[in-house]
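Take a look at the structure set out below.
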Amino acid sequence: MKQAVKVIRNTRAFSLGEIMIVLVIIGGIMAIILPKIKDGQEKSKVNQTKMKMTEITTKLNEYNAECGGKYPAGLSFITDDDSNCKSWAGNPKLKHLLKDAWNNDFQYATSGNGYNLKSLGADGKEGGSSFAKDIFSDESVGGEE
């Protein structure tokens, strides 16, 4: 006696229309979420730049205290010894402080008995708005902001 083996096949599947609806929903969700993620990344870069500026300000104040109340001519004093101040020793390991979060050089200038320190922001140009806005050190002394 031979028994007939009945093969059960699953004939249910998603239609092309159902798949397209799911893809449209996923696309809509991504369109809402991605700009928020991008803004968060830019905000993080602004905060990272402000933290670097705080570290640079600390180094500027240390230099000022060790070198008779004057500020260095440029930011290279952070990594290199300064011939204008024999008691100052630069630290090459702090090279990361010389660039902002967008990999642009910080803008530094001495003015009278103070200094101005700023980052040009995301666009790397003067002025700007939102995340492209220039970022000034809170500790800039004797100059304009």
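Letters A, B, ... go to the chains of the structure tokens in the order shown; residues in each chain start at 1; ligands are counted from 1 in the same order.
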Q. Tell me, which residues of chain A carry DSSP strand (DSSP E or B), written as JSON, numbers by chain?
A. {"A": [99, 105, 107, 108, 109, 110, 111, 114, 115, 116, 117, 118, 119, 135, 136, 141]}
Print the selection's residues with C-alpha atoms to a file, as a PDB file, in the first residue's frame.
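Generated output (selection-v6.pdb):
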ATOM      1  CA  LYS A  99      42.506  72.885  14.580  1.00  0.00           C
ATOM      2  CA  ASP A 105      42.958  76.589  11.939  1.00  0.00           C
ATOM      3  CA  GLN A 107      42.091  82.471  14.265  1.00  0.00           C
ATOM      4  CA  TYR A 108      44.322  84.101  16.872  1.00  0.00           C
ATOM      5  CA  ALA A 109      45.596  87.654  17.167  1.00  0.00           C
ATOM      6  CA  THR A 110      47.121  89.680  19.959  1.00  0.00           C
ATOM      7  CA  SER A 111      45.762  93.146  20.602  1.00  0.00           C
ATOM      8  CA  GLY A 114      45.061  90.878  25.275  1.00  0.00           C
ATOM      9  CA  TYR A 115      44.147  88.493  22.496  1.00  0.00           C
ATOM     10  CA  ASN A 116      41.282  87.375  20.291  1.00  0.00           C
ATOM     11  CA  LEU A 117      40.644  83.699  19.644  1.00  0.00           C
ATOM     12  CA  LYS A 118      37.957  82.401  17.313  1.00  0.00           C
ATOM     13  CA  SER A 119      36.884  79.601  15.003  1.00  0.00           C
ATOM     14  CA  ILE A 135      32.689  80.986  17.512  1.00  0.00           C
ATOM     15  CA  PHE A 136      34.547  83.341  19.832  1.00  0.00           C
ATOM     16  CA  VAL A 141      40.821  89.767  26.398  1.00  0.00           C
TER      17      VAL A 141
END
Q: Please provide the set of residues having any atom within 7 Å of Pro92 (chain A), restricted to only C-alpha atoms, with same-chain residues fewer than 3 positions apart removed, written as a ChimeraX atom specification.
A: /A:79-80,95
If you keep C-alpha atoms, can you produce a file of those selected residues as a PDB file, in the first residue's frame?
ATOM      1  CA  THR A  79      53.433  72.532  20.478  1.00  0.00           C
ATOM      2  CA  ASP A  80      56.812  74.258  20.085  1.00  0.00           C
ATOM      3  CA  LYS A  95      48.913  69.353  18.181  1.00  0.00           C
TER       4      LYS A  95
END
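For the choices A:Trp102, A:Asn113, A:Cys67, A:Asp81, the atom-to-atom distance to Ser140 (chain A) is smallest for A:Asn113 when using only C-alpha atoms.
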Q: Take CA of Asn103 (chain A) and CA of Gly90 (chain A) and report the distance between them in Å, one decimal.
A: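 It comes out at 21.1 Å.
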**Q.** Long-range neighbours of Leu97 (chain A) as a PyMOL selection string, 12 Å cut-off, only C-alpha atoms, 4 positions minimum in chain
**A.** chain A and resi 48-59+75-79+91-93+101+103-106+119
Q) Which parts of chain A does DSSP call helix (DSSP H, G or I) when run on the backbone here, written out as number ranges by chain? A) A: 16-66, 75-78, 92-98, 130-132
Please save C-alpha atoms of the selected residues as an mmCIF file, in the first residue's frame.
data_model
loop_
_atom_site.group_PDB
_atom_site.id
_atom_site.type_symbol
_atom_site.label_atom_id
_atom_site.label_comp_id
_atom_site.auth_asym_id
_atom_site.auth_seq_id
_atom_site.Cartn_x
_atom_site.Cartn_y
_atom_site.Cartn_z
ATOM 1 C CA LEU A 16 4.417 44.369 -4.597
ATOM 2 C CA GLY A 17 1.962 47.013 -3.392
ATOM 3 C CA GLU A 18 2.430 46.023 0.262
ATOM 4 C CA ILE A 19 6.201 46.121 -0.080
ATOM 5 C CA MET A 20 6.034 49.559 -1.707
ATOM 6 C CA ILE A 21 3.851 50.926 1.122
ATOM 7 C CA VAL A 22 6.354 49.687 3.733
ATOM 8 C CA LEU A 23 9.237 51.298 1.815
ATOM 9 C CA VAL A 24 7.384 54.626 1.604
ATOM 10 C CA ILE A 25 6.730 54.545 5.366
ATOM 11 C CA ILE A 26 10.402 53.774 6.106
ATOM 12 C CA GLY A 27 11.472 56.588 3.746
ATOM 13 C CA GLY A 28 9.181 59.036 5.518
ATOM 14 C CA ILE A 29 10.562 58.105 8.910
ATOM 15 C CA MET A 30 14.140 58.501 7.636
ATOM 16 C CA ALA A 31 13.279 61.930 6.169
ATOM 17 C CA ILE A 32 12.198 63.043 9.638
ATOM 18 C CA ILE A 33 15.068 61.483 11.608
ATOM 19 C CA LEU A 34 18.153 62.203 9.429
ATOM 20 C CA PRO A 35 18.037 66.024 9.720
ATOM 21 C CA LYS A 36 17.842 65.691 13.521
ATOM 22 C CA ILE A 37 20.911 63.438 13.486
ATOM 23 C CA LYS A 38 22.792 65.911 11.253
ATOM 24 C CA ASP A 39 21.926 68.817 13.574
ATOM 25 C CA GLY A 40 23.116 66.779 16.542
ATOM 26 C CA GLN A 41 26.444 66.105 14.848
ATOM 27 C CA GLU A 42 26.946 69.799 14.044
ATOM 28 C CA LYS A 43 26.016 70.799 17.597
ATOM 29 C CA SER A 44 28.584 68.295 18.852
ATOM 30 C CA LYS A 45 31.265 69.880 16.641
ATOM 31 C CA VAL A 46 30.421 73.331 18.029
ATOM 32 C CA ASN A 47 30.776 71.988 21.585
ATOM 33 C CA GLN A 48 34.029 70.212 20.721
ATOM 34 C CA THR A 49 35.414 73.452 19.265
ATOM 35 C CA LYS A 50 34.405 75.402 22.390
ATOM 36 C CA MET A 51 36.168 72.813 24.571
ATOM 37 C CA LYS A 52 39.347 73.126 22.483
ATOM 38 C CA MET A 53 39.147 76.909 22.779
ATOM 39 C CA THR A 54 38.902 76.570 26.561
ATOM 40 C CA GLU A 55 42.052 74.413 26.567
ATOM 41 C CA ILE A 56 43.857 76.943 24.352
ATOM 42 C CA THR A 57 42.772 79.742 26.702
ATOM 43 C CA THR A 58 44.236 77.822 29.629
ATOM 44 C CA LYS A 59 47.530 77.482 27.744
ATOM 45 C CA LEU A 60 47.474 81.195 26.849
ATOM 46 C CA ASN A 61 46.993 82.109 30.504
ATOM 47 C CA GLU A 62 49.805 79.755 31.566
ATOM 48 C CA TYR A 63 52.080 81.342 28.955
ATOM 49 C CA ASN A 64 51.091 84.806 30.140
ATOM 50 C CA ALA A 65 51.912 83.894 33.755
ATOM 51 C CA GLU A 66 55.263 82.262 32.911
ATOM 52 C CA LEU A 75 49.344 79.426 18.601
ATOM 53 C CA SER A 76 52.405 77.374 17.664
ATOM 54 C CA PHE A 77 53.651 77.998 21.223
ATOM 55 C CA ILE A 78 51.352 75.142 22.288
ATOM 56 C CA PRO A 92 53.987 68.321 20.614
ATOM 57 C CA LYS A 93 51.272 65.955 21.905
ATOM 58 C CA LEU A 94 48.839 68.901 21.966
ATOM 59 C CA LYS A 95 48.913 69.353 18.181
ATOM 60 C CA HIS A 96 45.211 68.423 18.055
ATOM 61 C CA LEU A 97 44.398 71.749 19.740
ATOM 62 C CA LEU A 98 45.544 73.779 16.744
ATOM 63 C CA SER A 130 23.541 78.761 12.620
ATOM 64 C CA PHE A 131 26.392 76.220 12.659
ATOM 65 C CA ALA A 132 28.412 78.272 10.156
#
Q. With only C-alpha atoms as the atoms that count, which of A:Lys125, A:Gly68, A:Asp134, A:Ser15 lies nearest to Lys86 (chain A)?
A.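 Using only C-alpha atoms, Lys86 (chain A) sits closest to A:Gly68.
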Q) So how many Å separate CA of Tyr71 (chain A) and CA of Ser83 (chain A), to one decimal? A)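 Answer for the CA of Tyr71 (chain A) to CA of Ser83 (chain A) separation: 12.9 Å.
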